[in-house]
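Dumped query-v9.txt below, it's compact mmCIF, N, CA and C atoms:
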```txt
# COMPACT_ATOMS: atom_id res chain seq x y z
N MET Y 85 9.31 -64.18 89.04
CA MET Y 85 8.51 -63.06 88.58
C MET Y 85 7.10 -63.21 89.14
N GLU Y 86 6.56 -62.10 89.62
CA GLU Y 86 5.22 -62.09 90.19
C GLU Y 86 4.16 -62.07 89.09
N ASN Y 87 3.09 -62.80 89.32
CA ASN Y 87 1.96 -62.74 88.39
C ASN Y 87 1.26 -61.40 88.56
N LEU Y 88 0.86 -60.83 87.46
CA LEU Y 88 0.25 -59.50 87.48
C LEU Y 88 -0.65 -59.36 86.27
N VAL Y 89 -1.81 -58.77 86.46
CA VAL Y 89 -2.69 -58.44 85.34
C VAL Y 89 -2.50 -56.95 85.06
N VAL Y 90 -2.24 -56.61 83.80
CA VAL Y 90 -2.04 -55.22 83.40
C VAL Y 90 -3.09 -54.87 82.36
N ALA Y 91 -3.72 -53.71 82.54
CA ALA Y 91 -4.73 -53.25 81.58
C ALA Y 91 -4.45 -51.80 81.24
N GLY Y 92 -4.41 -51.52 79.95
CA GLY Y 92 -4.27 -50.15 79.49
C GLY Y 92 -5.64 -49.54 79.29
N VAL Y 93 -5.83 -48.35 79.82
CA VAL Y 93 -7.13 -47.68 79.71
C VAL Y 93 -6.95 -46.28 79.14
N ASP Y 94 -7.92 -45.87 78.33
CA ASP Y 94 -7.87 -44.53 77.75
C ASP Y 94 -9.21 -43.83 77.80
N GLY Y 95 -10.17 -44.42 78.51
CA GLY Y 95 -11.48 -43.80 78.62
C GLY Y 95 -12.47 -44.22 77.56
N SER Y 96 -12.01 -44.94 76.55
CA SER Y 96 -12.92 -45.39 75.50
C SER Y 96 -13.80 -46.52 76.01
N PRO Y 97 -14.94 -46.76 75.35
CA PRO Y 97 -15.79 -47.89 75.76
C PRO Y 97 -15.05 -49.23 75.71
N GLU Y 98 -14.17 -49.40 74.72
CA GLU Y 98 -13.41 -50.64 74.61
C GLU Y 98 -12.47 -50.82 75.79
N SER Y 99 -11.81 -49.75 76.19
CA SER Y 99 -10.87 -49.88 77.31
C SER Y 99 -11.61 -50.08 78.63
N ARG Y 100 -12.80 -49.54 78.75
CA ARG Y 100 -13.59 -49.80 79.96
C ARG Y 100 -13.95 -51.28 80.05
N ARG Y 101 -14.33 -51.86 78.91
CA ARG Y 101 -14.63 -53.30 78.90
C ARG Y 101 -13.37 -54.11 79.20
N ALA Y 102 -12.24 -53.70 78.66
CA ALA Y 102 -10.98 -54.40 78.93
C ALA Y 102 -10.64 -54.30 80.41
N ALA Y 103 -10.87 -53.15 81.01
CA ALA Y 103 -10.59 -52.97 82.44
C ALA Y 103 -11.49 -53.86 83.28
N GLN Y 104 -12.75 -53.97 82.91
CA GLN Y 104 -13.67 -54.86 83.64
C GLN Y 104 -13.21 -56.31 83.53
N TRP Y 105 -12.80 -56.72 82.33
CA TRP Y 105 -12.32 -58.09 82.13
C TRP Y 105 -11.07 -58.32 82.98
N ALA Y 106 -10.14 -57.37 82.93
CA ALA Y 106 -8.89 -57.51 83.67
C ALA Y 106 -9.15 -57.58 85.17
N LEU Y 107 -10.08 -56.78 85.66
CA LEU Y 107 -10.41 -56.82 87.08
C LEU Y 107 -10.99 -58.17 87.47
N ALA Y 108 -11.86 -58.72 86.63
CA ALA Y 108 -12.43 -60.04 86.91
C ALA Y 108 -11.35 -61.12 86.90
N GLU Y 109 -10.44 -61.05 85.93
CA GLU Y 109 -9.34 -62.02 85.87
C GLU Y 109 -8.44 -61.94 87.08
N ALA Y 110 -8.07 -60.72 87.46
CA ALA Y 110 -7.20 -60.54 88.61
C ALA Y 110 -7.88 -61.04 89.88
N SER Y 111 -9.16 -60.77 90.00
CA SER Y 111 -9.90 -61.21 91.18
C SER Y 111 -9.98 -62.74 91.22
N ALA Y 112 -10.29 -63.35 90.10
CA ALA Y 112 -10.43 -64.81 90.03
C ALA Y 112 -9.10 -65.50 90.34
N ARG Y 113 -8.00 -64.91 89.90
CA ARG Y 113 -6.68 -65.52 90.10
C ARG Y 113 -6.00 -65.06 91.40
N ARG Y 114 -6.61 -64.05 92.03
CA ARG Y 114 -6.02 -63.44 93.24
C ARG Y 114 -4.64 -62.85 92.94
N TRP Y 115 -4.56 -62.21 91.80
CA TRP Y 115 -3.34 -61.53 91.37
C TRP Y 115 -3.55 -60.02 91.50
N PRO Y 116 -2.48 -59.29 91.71
CA PRO Y 116 -2.61 -57.83 91.70
C PRO Y 116 -2.91 -57.34 90.28
N ILE Y 117 -3.47 -56.15 90.22
CA ILE Y 117 -3.79 -55.57 88.91
C ILE Y 117 -3.17 -54.18 88.82
N LEU Y 118 -2.75 -53.82 87.62
CA LEU Y 118 -2.18 -52.52 87.36
C LEU Y 118 -2.91 -51.91 86.17
N PHE Y 119 -3.50 -50.76 86.38
CA PHE Y 119 -4.14 -50.02 85.29
C PHE Y 119 -3.15 -48.96 84.83
N ALA Y 120 -2.94 -48.85 83.53
CA ALA Y 120 -2.00 -47.89 82.98
C ALA Y 120 -2.70 -47.01 81.95
N THR Y 121 -2.31 -45.76 81.93
CA THR Y 121 -2.83 -44.84 80.92
C THR Y 121 -1.69 -43.91 80.51
N VAL Y 122 -1.82 -43.34 79.34
CA VAL Y 122 -0.79 -42.45 78.81
C VAL Y 122 -1.48 -41.18 78.33
N ARG Y 123 -0.83 -40.07 78.61
CA ARG Y 123 -1.34 -38.79 78.12
C ARG Y 123 -0.26 -38.16 77.26
N PRO Y 124 -0.66 -37.51 76.19
CA PRO Y 124 0.35 -36.81 75.39
C PRO Y 124 0.89 -35.62 76.18
N PRO Y 125 2.14 -35.28 75.95
CA PRO Y 125 2.71 -34.14 76.67
C PRO Y 125 2.03 -32.84 76.23
N PRO Y 126 1.97 -31.87 77.12
CA PRO Y 126 1.37 -30.59 76.72
C PRO Y 126 2.30 -29.85 75.77
N HIS Y 127 1.72 -29.05 74.93
CA HIS Y 127 2.50 -28.22 74.02
C HIS Y 127 2.45 -26.80 74.54
N VAL Y 128 3.60 -26.26 74.84
CA VAL Y 128 3.68 -24.91 75.39
C VAL Y 128 4.60 -24.07 74.54
N ALA Y 129 4.41 -22.76 74.63
CA ALA Y 129 5.20 -21.85 73.80
C ALA Y 129 6.63 -21.71 74.31
N ASP Y 130 6.83 -21.83 75.63
CA ASP Y 130 8.16 -21.64 76.20
C ASP Y 130 8.88 -22.98 76.27
N PRO Y 131 9.94 -23.19 75.48
CA PRO Y 131 10.63 -24.48 75.48
C PRO Y 131 11.22 -24.86 76.84
N ARG Y 132 11.56 -23.88 77.68
CA ARG Y 132 12.10 -24.20 79.00
C ARG Y 132 11.05 -24.91 79.86
N VAL Y 133 9.81 -24.51 79.72
CA VAL Y 133 8.73 -25.15 80.47
C VAL Y 133 8.53 -26.57 79.97
N GLU Y 134 8.56 -26.75 78.67
CA GLU Y 134 8.37 -28.09 78.11
C GLU Y 134 9.51 -29.02 78.53
N VAL Y 135 10.75 -28.54 78.53
CA VAL Y 135 11.89 -29.36 78.97
C VAL Y 135 11.73 -29.74 80.43
N ALA Y 136 11.31 -28.79 81.27
CA ALA Y 136 11.10 -29.09 82.69
C ALA Y 136 10.01 -30.12 82.86
N TYR Y 137 8.95 -30.05 82.07
CA TYR Y 137 7.87 -31.03 82.15
C TYR Y 137 8.41 -32.43 81.82
N HIS Y 138 9.17 -32.55 80.74
CA HIS Y 138 9.69 -33.87 80.34
C HIS Y 138 10.64 -34.43 81.39
N HIS Y 139 11.42 -33.60 82.03
CA HIS Y 139 12.33 -34.08 83.07
C HIS Y 139 11.57 -34.55 84.30
N SER Y 140 10.44 -33.92 84.60
CA SER Y 140 9.69 -34.29 85.80
C SER Y 140 8.75 -35.46 85.55
N ALA Y 141 8.43 -35.73 84.30
CA ALA Y 141 7.46 -36.80 83.99
C ALA Y 141 8.06 -38.17 84.16
```

Please express the file's structure as structure tokens.
Amino acid sequence: MENLVVAGVDGSPESRRAAQWALAEASARRWPILFATVRPPPHVADPRVEVAYHHSA
């Protein structure tokens, strides 16, 4: 298994600090870094559009 630093970010001040820490750790260890974020799905009136969105996501 490859070593990897993963940081979840959401735009909050805490996640920005976590991202900075993760970047420093990854740099110091010479490991790749992955930043991850999650967005809630959009709410639409037409259920066909929402189903298509979930299938494509």

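Shortest atom-to-atom contact with Y:Asn87 among Y:Pro116, Y:Val122, Y:Val133, Y:Ser140: Y:Pro116, counting only N, CA and C atoms.
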
Skipping near chain neighbours, those fewer than 3 positions away, what residues fall within 12 Å of stretch 104-108 of chain Y using only C-alpha atoms, listed as a list of chain:residue names?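 Once the nearby chain positions are removed, what remains is Y:Leu88, Y:Val89, Y:Val90, Y:Ala91, Y:Gly92, Y:Val93, Y:Pro97, Y:Glu98, Y:Ser99, Y:Arg100, Y:Arg101, Y:Ser111, Y:Ala112, Y:Arg113, Y:Arg114, Y:Trp115, Y:Pro116, Y:Ile117, Y:Leu118, Y:Phe119, Y:Ala120.
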
Run DSSP on the backbone and grab whatever in chain Y lands in strand (DSSP E or B); send it over as a ChimeraX atom specification. /Y:89-92,117-120

Using all atoms of stretch 121-124 of chain Y listed in the file and a margin of 3 Å per side, can you give the axis-aligned box centre and edge lengths in Å to one decimal, as JSON?
```
{"center_x": -1.0, "center_y": -40.7, "center_z": 78.7, "size_x": 9.7, "size_y": 16.1, "size_z": 12.5}
```
